[in-house]
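final-v1.pdb (PDB, C-alpha atoms)
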```pdb
ATOM      1  CA  MET A  24     -14.195  18.309 -53.983
ATOM      2  CA  PRO A  25     -13.680  17.248 -50.339
ATOM      3  CA  ASP A  26     -15.831  18.704 -47.631
ATOM      4  CA  ARG A  27     -13.742  21.314 -45.777
ATOM      5  CA  ARG A  28     -16.297  22.281 -43.161
ATOM      6  CA  PRO A  29     -15.075  21.849 -39.569
ATOM      7  CA  PRO A  30     -16.420  18.734 -37.863
ATOM      8  CA  ALA A  31     -19.502  19.197 -35.790
ATOM      9  CA  PRO A  32     -18.767  19.501 -32.055
ATOM     10  CA  LEU A  33     -19.499  16.438 -29.983
ATOM     11  CA  GLU A  34     -22.796  16.597 -28.200
ATOM     12  CA  PRO A  35     -22.924  16.973 -24.395
ATOM     13  CA  VAL A  36     -24.391  13.489 -24.091
ATOM     14  CA  PHE A  37     -21.146  12.106 -25.493
ATOM     15  CA  TRP A  38     -19.121  13.730 -22.737
ATOM     16  CA  ARG A  39     -21.595  12.589 -20.113
ATOM     17  CA  ALA A  40     -21.154   9.025 -21.363
ATOM     18  CA  ALA A  41     -17.369   9.403 -21.413
ATOM     19  CA  ALA A  42     -17.328  10.657 -17.829
ATOM     20  CA  TRP A  43     -19.636   7.850 -16.710
ATOM     21  CA  SER A  44     -17.414   5.274 -18.420
ATOM     22  CA  LEU A  45     -14.269   6.659 -16.796
ATOM     23  CA  ARG A  46     -15.992   6.621 -13.420
ATOM     24  CA  VAL A  47     -17.056   2.985 -13.757
ATOM     25  CA  HIS A  48     -13.576   1.994 -14.963
ATOM     26  CA  LEU A  49     -12.016   3.636 -11.901
ATOM     27  CA  ALA A  50     -14.508   1.923  -9.607
ATOM     28  CA  VAL A  51     -13.733  -1.516 -11.067
ATOM     29  CA  ILE A  52      -9.986  -0.882 -10.767
ATOM     30  CA  TYR A  53     -10.355   0.072  -7.085
ATOM     31  CA  LEU A  54     -12.526  -2.975  -6.529
ATOM     32  CA  CYS A  55      -9.870  -5.297  -7.997
ATOM     33  CA  PHE A  56      -7.087  -3.633  -6.016
ATOM     34  CA  GLY A  57      -9.074  -3.766  -2.781
ATOM     35  CA  VAL A  58     -10.016  -7.426  -3.162
ATOM     36  CA  MET A  59      -6.405  -8.296  -3.999
ATOM     37  CA  VAL A  60      -5.129  -6.449  -0.929
ATOM     38  CA  LEU A  61      -7.674  -7.992   1.418
ATOM     39  CA  ALA A  62      -7.081 -11.528   0.130
ATOM     40  CA  ARG A  63      -3.301 -11.305   0.176
ATOM     41  CA  ASN A  64      -2.693  -8.892   3.038
ATOM     42  CA  ASN A  65       0.968  -9.838   3.561
ATOM     43  CA  ILE A  66       2.134  -8.917   0.066
ATOM     44  CA  PRO A  67       4.577  -6.231   1.377
ATOM     45  CA  LEU A  68       6.598  -9.022   2.989
ATOM     46  CA  LEU A  69       6.747 -10.973  -0.256
ATOM     47  CA  PHE A  70       7.325  -8.388  -3.002
ATOM     48  CA  LYS A  71       9.804  -5.538  -3.004
ATOM     49  CA  SER A  72       7.677  -3.037  -4.895
ATOM     50  CA  TYR A  73       4.953  -3.217  -2.222
ATOM     51  CA  SER A  74       7.398  -2.967   0.674
ATOM     52  CA  HIS A  75       6.567   0.631   1.622
ATOM     53  CA  PHE A  76       2.802   0.111   1.956
ATOM     54  CA  ASP A  77       3.002  -1.385   5.437
ATOM     55  CA  ASP A  78       5.416   1.228   6.777
ATOM     56  CA  LEU A  79       2.573   3.737   7.256
ATOM     57  CA  VAL A  80      -0.578   1.765   8.101
ATOM     58  CA  PRO A  81      -1.488  -1.934   8.154
ATOM     59  CA  PHE A  82      -1.653  -3.161   4.593
ATOM     60  CA  TRP A  83      -5.334  -4.096   4.715
ATOM     61  CA  TRP A  84      -6.199  -0.415   5.314
ATOM     62  CA  TRP A  85      -5.279   0.225   1.685
ATOM     63  CA  GLY A  86      -7.748  -2.435   0.571
ATOM     64  CA  ALA A  87     -10.503  -1.064   2.804
ATOM     65  CA  ALA A  88      -9.915   2.486   1.509
ATOM     66  CA  SER A  89     -10.024   1.212  -2.079
ATOM     67  CA  LEU A  90     -13.325  -0.573  -1.473
ATOM     68  CA  VAL A  91     -14.831   2.547   0.139
ATOM     69  CA  VAL A  92     -13.790   4.727  -2.796
ATOM     70  CA  SER A  93     -15.009   2.120  -5.290
ATOM     71  CA  VAL A  94     -18.453   1.948  -3.697
ATOM     72  CA  GLY A  95     -18.527   5.747  -3.493
ATOM     73  CA  LEU A  96     -17.770   6.114  -7.172
ATOM     74  CA  LEU A  97     -20.455   3.597  -8.124
ATOM     75  CA  VAL A  98     -23.252   4.532  -5.733
ATOM     76  CA  ILE A  99     -22.989   8.238  -5.033
ATOM     77  CA  PRO A 100     -24.405  10.389  -7.841
ATOM     78  CA  THR A 101     -21.989  12.451  -9.874
ATOM     79  CA  ARG A 102     -23.850  15.673  -9.161
ATOM     80  CA  VAL A 103     -22.558  18.474  -6.970
ATOM     81  CA  PRO A 104     -21.564  18.310  -4.168
ATOM     82  CA  TRP A 105     -21.009  14.578  -3.627
ATOM     83  CA  GLY A 106     -19.596  14.064  -7.092
ATOM     84  CA  LEU A 107     -16.841  16.492  -6.133
ATOM     85  CA  LEU A 108     -16.143  14.650  -2.902
ATOM     86  CA  THR A 109     -15.907  11.134  -4.367
ATOM     87  CA  THR A 110     -13.676  12.154  -7.256
ATOM     88  CA  LEU A 111     -11.435  14.101  -4.862
ATOM     89  CA  LEU A 112     -11.142  11.031  -2.616
ATOM     90  CA  SER A 113     -10.370   8.872  -5.632
ATOM     91  CA  MET A 114      -7.683  11.277  -6.837
ATOM     92  CA  THR A 115      -6.068  11.403  -3.384
ATOM     93  CA  LEU A 116      -6.035   7.622  -3.026
ATOM     94  CA  SER A 117      -4.620   7.056  -6.522
ATOM     95  CA  PHE A 118      -1.804   9.545  -6.108
ATOM     96  CA  THR A 119      -1.001   8.192  -2.637
ATOM     97  CA  ILE A 120      -0.818   4.617  -3.902
ATOM     98  CA  GLY A 121       1.366   5.721  -6.815
ATOM     99  CA  ALA A 122       3.707   7.638  -4.512
ATOM    100  CA  THR A 123       3.940   4.636  -2.178
ATOM    101  CA  PHE A 124       4.914   2.450  -5.130
ATOM    102  CA  VAL A 125       7.632   4.956  -6.018
ATOM    103  CA  GLN A 126       8.992   4.999  -2.465
ATOM    104  CA  GLY A 127       8.939   1.228  -2.196
ATOM    105  CA  GLY A 128      10.729   0.184  -5.333
ATOM    106  CA  GLY A 129      11.491   3.063  -7.638
ATOM    107  CA  LEU A 130       9.370   4.105 -10.600
ATOM    108  CA  LEU A 131       7.355   1.034 -11.478
ATOM    109  CA  PRO A 132       4.568   0.273 -13.931
ATOM    110  CA  GLY A 133       2.252   0.207 -10.921
ATOM    111  CA  ALA A 134       3.225   3.755 -10.016
ATOM    112  CA  ILE A 135       2.710   5.011 -13.562
ATOM    113  CA  LEU A 136      -0.676   3.286 -13.767
ATOM    114  CA  PHE A 137      -1.896   4.770 -10.507
ATOM    115  CA  PHE A 138      -0.695   8.248 -11.484
ATOM    116  CA  ILE A 139      -2.747   7.860 -14.682
ATOM    117  CA  PHE A 140      -5.781   6.832 -12.613
ATOM    118  CA  GLY A 141      -5.203   9.888 -10.435
ATOM    119  CA  LEU A 142      -5.140  12.118 -13.494
ATOM    120  CA  GLY A 143      -8.410  10.529 -14.663
ATOM    121  CA  SER A 144      -9.997  11.201 -11.281
ATOM    122  CA  GLY A 145      -8.687  14.761 -11.500
ATOM    123  CA  ALA A 146     -10.380  15.174 -14.876
ATOM    124  CA  LEU A 147     -13.663  13.994 -13.371
ATOM    125  CA  PHE A 148     -13.201  16.367 -10.446
ATOM    126  CA  THR A 149     -12.569  19.307 -12.772
ATOM    127  CA  ARG A 150     -15.626  18.425 -14.833
ATOM    128  CA  ALA A 151     -17.852  18.238 -11.754
ATOM    129  CA  LEU A 152     -16.428  21.555 -10.524
ATOM    130  CA  TRP A 153     -17.072  23.208 -13.871
ATOM    131  CA  MET A 154     -20.621  21.903 -14.066
ATOM    132  CA  TYR A 155     -21.235  23.404 -10.648
ATOM    133  CA  ALA A 156     -19.568  26.692 -11.526
ATOM    134  CA  VAL A 157     -21.626  27.352 -14.656
ATOM    135  CA  GLN A 158     -24.769  27.199 -12.505
ATOM    136  CA  VAL A 159     -23.551  30.126 -10.396
ATOM    137  CA  ARG A 160     -24.721  33.475 -11.691
ATOM    138  CA  TRP A 161     -21.642  35.359 -10.487
ATOM    139  CA  PHE A 162     -19.353  32.919 -12.306
ATOM    140  CA  ARG A 163     -21.334  33.269 -15.552
ATOM    141  CA  GLU A 164     -21.317  37.061 -15.402
ATOM    142  CA  HIS A 165     -17.748  37.666 -14.284
ATOM    143  CA  VAL A 166     -15.783  34.752 -15.752
ATOM    144  CA  ILE A 167     -17.545  33.327 -18.770
ATOM    145  CA  GLU A 168     -18.919  36.568 -20.274
ATOM    146  CA  LYS A 169     -16.108  38.969 -19.360
ATOM    147  CA  GLY A 170     -13.255  36.497 -19.776
ATOM    148  CA  VAL A 171     -10.364  35.716 -17.502
ATOM    149  CA  ASN A 172      -9.014  39.277 -17.451
ATOM    150  CA  GLY A 173     -12.355  40.681 -16.380
ATOM    151  CA  GLY A 174     -13.210  42.032 -19.856
TER     152      GLY A 174
ATOM    153  CA  MET B   6      45.399   9.646  49.129
ATOM    154  CA  ARG B   7      46.914   7.308  46.555
ATOM    155  CA  THR B   8      44.692   4.475  47.694
ATOM    156  CA  SER B   9      41.557   6.555  47.420
ATOM    157  CA  LEU B  10      42.604   7.672  43.943
ATOM    158  CA  LEU B  11      43.153   4.056  42.946
ATOM    159  CA  LEU B  12      39.773   3.091  44.376
ATOM    160  CA  LEU B  13      38.122   5.949  42.476
ATOM    161  CA  ALA B  14      39.773   4.845  39.251
ATOM    162  CA  LEU B  15      38.678   1.256  39.847
ATOM    163  CA  LEU B  16      35.124   2.389  40.531
ATOM    164  CA  ALA B  17      35.055   4.501  37.369
ATOM    165  CA  GLY B  18      36.495   1.607  35.388
ATOM    166  CA  ALA B  19      33.923  -0.809  36.733
ATOM    167  CA  THR B  20      31.071   1.610  35.997
ATOM    168  CA  HIS B  21      32.364   2.164  32.483
ATOM    169  CA  ALA B  22      32.708  -1.569  31.927
ATOM    170  CA  ARG B  23      29.159  -2.114  33.102
ATOM    171  CA  ALA B  24      27.902   0.600  30.758
ATOM    172  CA  VAL B  25      29.829  -0.881  27.849
ATOM    173  CA  LEU B  26      28.634  -4.382  28.602
ATOM    174  CA  SER B  27      25.015  -3.331  28.925
ATOM    175  CA  SER B  28      25.203  -1.415  25.635
ATOM    176  CA  ILE B  29      26.212  -4.564  23.769
ATOM    177  CA  PRO B  30      23.067  -5.908  22.093
ATOM    178  CA  PRO B  31      21.923  -9.343  23.189
ATOM    179  CA  THR B  32      23.122 -12.295  21.225
ATOM    180  CA  PRO B  33      21.381 -12.461  17.831
ATOM    181  CA  LEU B  34      18.345 -14.671  17.657
ATOM    182  CA  ALA B  35      18.964 -18.180  16.482
ATOM    183  CA  CYS B  36      17.925 -19.436  13.113
ATOM    184  CA  ARG B  37      14.191 -20.064  13.091
ATOM    185  CA  LEU B  38      11.217 -20.693  10.851
ATOM    186  CA  GLN B  39       9.167 -17.731   9.585
ATOM    187  CA  VAL B  40       5.636 -18.197   8.303
ATOM    188  CA  ILE B  41       3.981 -15.558   6.115
ATOM    189  CA  PRO B  42       0.237 -16.162   5.604
ATOM    190  CA  ASP B  43      -0.770 -15.504   2.013
ATOM    191  CA  TYR B  44      -4.189 -15.823   0.360
ATOM    192  CA  THR B  45      -5.752 -15.385   3.782
ATOM    193  CA  LEU B  46      -9.247 -16.818   3.524
ATOM    194  CA  ILE B  47     -11.662 -17.216   6.386
ATOM    195  CA  PHE B  48     -10.729 -20.722   7.473
ATOM    196  CA  ALA B  49      -7.362 -21.252   5.840
ATOM    197  CA  TYR B  50      -4.350 -19.534   4.381
ATOM    198  CA  ARG B  51      -1.469 -20.447   2.138
ATOM    199  CA  ALA B  52       1.701 -20.357   4.219
ATOM    200  CA  VAL B  53       4.904 -19.067   2.666
ATOM    201  CA  LEU B  54       7.706 -20.723   4.634
ATOM    202  CA  ARG B  55      11.077 -19.042   5.060
ATOM    203  CA  LEU B  56      14.173 -19.348   7.138
ATOM    204  CA  SER B  57      14.939 -16.257   9.200
ATOM    205  CA  PRO B  58      17.819 -14.030   7.996
ATOM    206  CA  GLU B  59      20.044 -15.316  10.793
ATOM    207  CA  CYS B  60      20.169 -18.753   9.216
ATOM    208  CA  GLY B  61      23.272 -19.819   7.371
ATOM    209  CA  PHE B  62      23.163 -20.224   3.624
ATOM    210  CA  SER B  63      23.287 -24.015   3.714
ATOM    211  CA  GLN B  64      21.160 -24.386   6.872
ATOM    212  CA  THR B  65      18.103 -26.602   6.649
ATOM    213  CA  LEU B  66      15.379 -27.047   9.232
ATOM    214  CA  ARG B  67      12.913 -29.882   9.657
ATOM    215  CA  VAL B  68       9.379 -28.477   9.489
ATOM    216  CA  ARG B  69       5.953 -29.960  10.046
ATOM    217  CA  LYS B  70       2.359 -28.874  10.225
ATOM    218  CA  SER B  71       0.652 -29.645  13.483
ATOM    219  CA  SER B  72      -2.872 -29.328  14.800
ATOM    220  CA  THR B  73      -3.417 -27.024  17.745
ATOM    221  CA  THR B  74      -6.746 -28.616  18.702
ATOM    222  CA  SER B  75      -6.873 -32.291  17.809
ATOM    223  CA  VAL B  76      -4.684 -34.710  19.695
ATOM    224  CA  LYS B  77      -4.175 -38.397  19.281
ATOM    225  CA  ARG B  78      -4.956 -40.913  21.985
ATOM    226  CA  ASN B  79      -1.562 -40.527  23.653
ATOM    227  CA  GLY B  80      -1.836 -36.732  23.732
ATOM    228  CA  ALA B  81       0.474 -36.030  20.810
ATOM    229  CA  PRO B  82      -0.779 -33.445  18.327
ATOM    230  CA  TYR B  83      -2.011 -34.710  15.020
ATOM    231  CA  GLN B  84       0.205 -34.216  11.963
ATOM    232  CA  PRO B  85      -0.716 -34.877   8.375
ATOM    233  CA  ILE B  86       2.705 -36.061   7.264
ATOM    234  CA  ARG B  87       3.370 -39.691   6.516
ATOM    235  CA  PRO B  88       5.068 -41.582   9.342
ATOM    236  CA  GLU B  89       7.976 -42.779   7.222
ATOM    237  CA  VAL B  90       8.822 -39.200   6.255
ATOM    238  CA  GLY B  91       8.420 -37.673   9.720
ATOM    239  CA  ALA B  92       8.964 -34.092   8.662
ATOM    240  CA  TRP B  93       9.861 -32.040   5.664
ATOM    241  CA  ALA B  94      13.156 -30.247   5.093
ATOM    242  CA  LEU B  95      13.284 -26.518   4.423
ATOM    243  CA  GLY B  96      16.352 -24.624   3.217
ATOM    244  CA  HIS B  97      17.030 -21.247   1.650
ATOM    245  CA  LEU B  98      16.958 -22.636  -1.865
ATOM    246  CA  ALA B  99      15.091 -25.919  -1.683
ATOM    247  CA  SER B 100      12.179 -27.364   0.211
ATOM    248  CA  THR B 101      10.569 -30.783   0.272
ATOM    249  CA  VAL B 102       7.199 -29.415   1.408
ATOM    250  CA  PRO B 103       4.633 -30.346  -1.250
ATOM    251  CA  GLY B 104       2.992 -27.246  -2.719
ATOM    252  CA  ASN B 105      -0.561 -28.181  -1.765
ATOM    253  CA  GLN B 106       0.526 -28.778   1.843
ATOM    254  CA  ASN B 107       1.213 -25.059   2.209
ATOM    255  CA  TRP B 108      -2.538 -24.556   2.609
ATOM    256  CA  THR B 109      -2.986 -24.351   6.346
ATOM    257  CA  SER B 110      -6.167 -24.395   8.361
ATOM    258  CA  ARG B 111      -6.580 -21.717  11.018
ATOM    259  CA  SER B 112      -6.438 -24.343  13.754
ATOM    260  CA  TRP B 113      -3.064 -25.642  12.609
ATOM    261  CA  ARG B 114       0.389 -24.212  12.894
ATOM    262  CA  TRP B 115       3.851 -24.738  11.467
ATOM    263  CA  GLU B 116       6.647 -26.002  13.712
ATOM    264  CA  PHE B 117      10.345 -26.495  13.219
ATOM    265  CA  ASN B 118      12.943 -28.726  14.728
ATOM    266  CA  ASP B 119      16.701 -28.947  14.621
ATOM    267  CA  LEU B 120      18.986 -31.211  16.588
ATOM    268  CA  VAL B 121      21.415 -28.375  17.402
ATOM    269  CA  LEU B 122      19.296 -25.232  17.472
ATOM    270  CA  THR B 123      16.237 -26.482  19.320
ATOM    271  CA  LYS B 124      17.835 -29.645  20.735
ATOM    272  CA  GLY B 125      15.240 -31.765  19.003
ATOM    273  CA  ARG B 126      12.197 -29.985  20.432
ATOM    274  CA  TRP B 127       9.392 -28.843  18.126
ATOM    275  CA  ILE B 128       8.968 -25.054  18.314
ATOM    276  CA  ALA B 129       6.209 -23.019  16.654
ATOM    277  CA  GLY B 130       7.375 -20.919  13.722
ATOM    278  CA  GLU B 131       7.242 -17.142  13.870
ATOM    279  CA  VAL B 132       4.198 -15.761  12.034
ATOM    280  CA  LEU B 133       4.846 -12.457  10.216
ATOM    281  CA  TYR B 134       2.258  -9.819   9.293
ATOM    282  CA  ALA B 135       2.584  -6.689   7.166
ATOM    283  CA  ARG B 136       2.144  -4.099   9.913
ATOM    284  CA  PRO B 137       4.041  -0.918  10.692
TER     285      PRO B 137
END
```

If you took the structure in this file and wrote it as structure tokens, what would it be?
Amino acid sequence: MPDRRPPAPLEPVFWRAAAWSLRVHLAVIYLCFGVMVLARNNIPLLFKSYSHFDDLVPFWWWGAASLVVSVGLLVIPTRVPWGLLTTLLSMTLSFTIGATFVQGGGLLPGAILFFIFGLGSGALFTRALWMYAVQVRWFREHVIEKGVNGG
Amino acid sequence: MRTSLLLLALLAGATHARAVLSSIPPTPLACRLQVIPDYTLIFAYRAVLRLSPECGFSQTLRVRKSSTTSVKRNGAPYQPIRPEVGAWALGHLASTVPGNQNWTSRSWRWEFNDLVLTKGRWIAGEVLYARP
């Protein structure tokens, strides 16, 4: 007779570890991108898919912004409010880089990758926002207990 | 009356001709060497050498790397190329520049030379940067 009980819900520590892992992955990705941009800061002249990056700002600005966001993700604690700020910055940078890839050379693997990173940053942002919201008494009383329609 | 009308027409024609002539863009720039620094490190970079878009398909330029600081005893700048070679040839499709010679110190520059275009003089290549 197989066990038909529903699986036990994952513990909060699992989701904390998952969020931390995603955050470190994003930081390492930004670090690699930033170092690549700063070491080869004339790539837009050499490769078509990067050609739109230097139409807006000098290309090394993208590397500097990536390094700033990477350090922010690694160093600044994930708690409210700075956790919200760093993940919002990360989401903005990822979506901007993805959109610039699209404008430069059509829909490329680079664009898809950076849109995925942006979605990951968005998930972290939503999680940080939720963890702040459940601490607010008004939110607990009016949203969680009464439901979305106000009970 | 007729004379003044003729003079007026001539004046208008001359003004129009001047406007038309001045609106013609200057002659396109001659074929030249373009240098794109890649792998920009602190003291050196890896130069990507190109001919400018104005160059013909089969055009080749003679290129060399030349020091901007060190000079030989007679005042000529120092070049790393072997004397029997003199300079390397660069075309749209082929180049005789050895790959490891593309690494360029910050105190050196790339020059090009063509008997027709530059009348045999060595002229510094145009350095391009990814800027708006």

Practice problem: When you get a sec, could you note down which chain B residues fall within 9 Å of chain A, using all atoms listed in the file, as number ranges by chain? | Solution: B: 41-46, 53, 133-137

Quiz prompt | Separation of CA of Ala151 in chain A from CA of Pro104 in chain A, in Å and rounded to one decimal | solution =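 Between CA of Ala151 in chain A and CA of Pro104 in chain A the gap is 8.4 Å.
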
Quiz item: Quick one: distance from CA of Arg102 in chain A to CA of Val166 in chain A in Å, one decimal?
Solution: 21.7 Å

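As for CA of Arg150 in chain A and CA of Ser117 in chain A, they are spaced 17.9 Å apart.
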
Quiz item: Mind telling me what the PyMOL selection byres ((chain A and resi 44-47) around 10) catches here, as an NGL selection string?
Solution: :A and (38-43 or 48-53 or 93 or 96-97 or 101 or 110 or 113 or 140 or 143-144 or 146-147)

Taking the file as I've supplied it (selection: the PyMOL selection byres ((chain B and resi 105-120) around 10)), which residues are included? Please answer as a PDB file with C-alpha atoms, in the frame of the given file.
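New file out.pdb:
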```pdb
ATOM      1  CA  CYS B  36      17.925 -19.436  13.113  1.00  0.00           C
ATOM      2  CA  ARG B  37      14.191 -20.064  13.091  1.00  0.00           C
ATOM      3  CA  LEU B  38      11.217 -20.693  10.851  1.00  0.00           C
ATOM      4  CA  GLN B  39       9.167 -17.731   9.585  1.00  0.00           C
ATOM      5  CA  VAL B  40       5.636 -18.197   8.303  1.00  0.00           C
ATOM      6  CA  PRO B  42       0.237 -16.162   5.604  1.00  0.00           C
ATOM      7  CA  ASP B  43      -0.770 -15.504   2.013  1.00  0.00           C
ATOM      8  CA  TYR B  44      -4.189 -15.823   0.360  1.00  0.00           C
ATOM      9  CA  THR B  45      -5.752 -15.385   3.782  1.00  0.00           C
ATOM     10  CA  LEU B  46      -9.247 -16.818   3.524  1.00  0.00           C
ATOM     11  CA  ILE B  47     -11.662 -17.216   6.386  1.00  0.00           C
ATOM     12  CA  PHE B  48     -10.729 -20.722   7.473  1.00  0.00           C
ATOM     13  CA  ALA B  49      -7.362 -21.252   5.840  1.00  0.00           C
ATOM     14  CA  TYR B  50      -4.350 -19.534   4.381  1.00  0.00           C
ATOM     15  CA  ARG B  51      -1.469 -20.447   2.138  1.00  0.00           C
ATOM     16  CA  ALA B  52       1.701 -20.357   4.219  1.00  0.00           C
ATOM     17  CA  VAL B  53       4.904 -19.067   2.666  1.00  0.00           C
ATOM     18  CA  LEU B  54       7.706 -20.723   4.634  1.00  0.00           C
ATOM     19  CA  THR B  65      18.103 -26.602   6.649  1.00  0.00           C
ATOM     20  CA  LEU B  66      15.379 -27.047   9.232  1.00  0.00           C
ATOM     21  CA  ARG B  67      12.913 -29.882   9.657  1.00  0.00           C
ATOM     22  CA  VAL B  68       9.379 -28.477   9.489  1.00  0.00           C
ATOM     23  CA  ARG B  69       5.953 -29.960  10.046  1.00  0.00           C
ATOM     24  CA  LYS B  70       2.359 -28.874  10.225  1.00  0.00           C
ATOM     25  CA  SER B  71       0.652 -29.645  13.483  1.00  0.00           C
ATOM     26  CA  SER B  72      -2.872 -29.328  14.800  1.00  0.00           C
ATOM     27  CA  THR B  73      -3.417 -27.024  17.745  1.00  0.00           C
ATOM     28  CA  THR B  74      -6.746 -28.616  18.702  1.00  0.00           C
ATOM     29  CA  SER B  75      -6.873 -32.291  17.809  1.00  0.00           C
ATOM     30  CA  PRO B  82      -0.779 -33.445  18.327  1.00  0.00           C
ATOM     31  CA  TYR B  83      -2.011 -34.710  15.020  1.00  0.00           C
ATOM     32  CA  GLN B  84       0.205 -34.216  11.963  1.00  0.00           C
ATOM     33  CA  PRO B  85      -0.716 -34.877   8.375  1.00  0.00           C
ATOM     34  CA  ILE B  86       2.705 -36.061   7.264  1.00  0.00           C
ATOM     35  CA  ALA B  92       8.964 -34.092   8.662  1.00  0.00           C
ATOM     36  CA  TRP B  93       9.861 -32.040   5.664  1.00  0.00           C
ATOM     37  CA  ALA B  94      13.156 -30.247   5.093  1.00  0.00           C
ATOM     38  CA  LEU B  95      13.284 -26.518   4.423  1.00  0.00           C
ATOM     39  CA  VAL B 102       7.199 -29.415   1.408  1.00  0.00           C
ATOM     40  CA  PRO B 103       4.633 -30.346  -1.250  1.00  0.00           C
ATOM     41  CA  GLY B 104       2.992 -27.246  -2.719  1.00  0.00           C
ATOM     42  CA  VAL B 121      21.415 -28.375  17.402  1.00  0.00           C
ATOM     43  CA  LEU B 122      19.296 -25.232  17.472  1.00  0.00           C
ATOM     44  CA  THR B 123      16.237 -26.482  19.320  1.00  0.00           C
ATOM     45  CA  LYS B 124      17.835 -29.645  20.735  1.00  0.00           C
ATOM     46  CA  GLY B 125      15.240 -31.765  19.003  1.00  0.00           C
ATOM     47  CA  ARG B 126      12.197 -29.985  20.432  1.00  0.00           C
ATOM     48  CA  TRP B 127       9.392 -28.843  18.126  1.00  0.00           C
ATOM     49  CA  ILE B 128       8.968 -25.054  18.314  1.00  0.00           C
ATOM     50  CA  ALA B 129       6.209 -23.019  16.654  1.00  0.00           C
ATOM     51  CA  GLY B 130       7.375 -20.919  13.722  1.00  0.00           C
ATOM     52  CA  GLU B 131       7.242 -17.142  13.870  1.00  0.00           C
ATOM     53  CA  VAL B 132       4.198 -15.761  12.034  1.00  0.00           C
TER      54      VAL B 132
END
```

Please determine an axis-aligned box that encloses all atoms of range 65-83 of chain B listed in the file, with 5 Å added on each side, and express its centre and edge lengths in Å to one decimal as JSON.
```
{"center_x": 5.6, "center_y": -33.8, "center_z": 15.2, "size_x": 35.0, "size_y": 24.3, "size_z": 27.1}
```
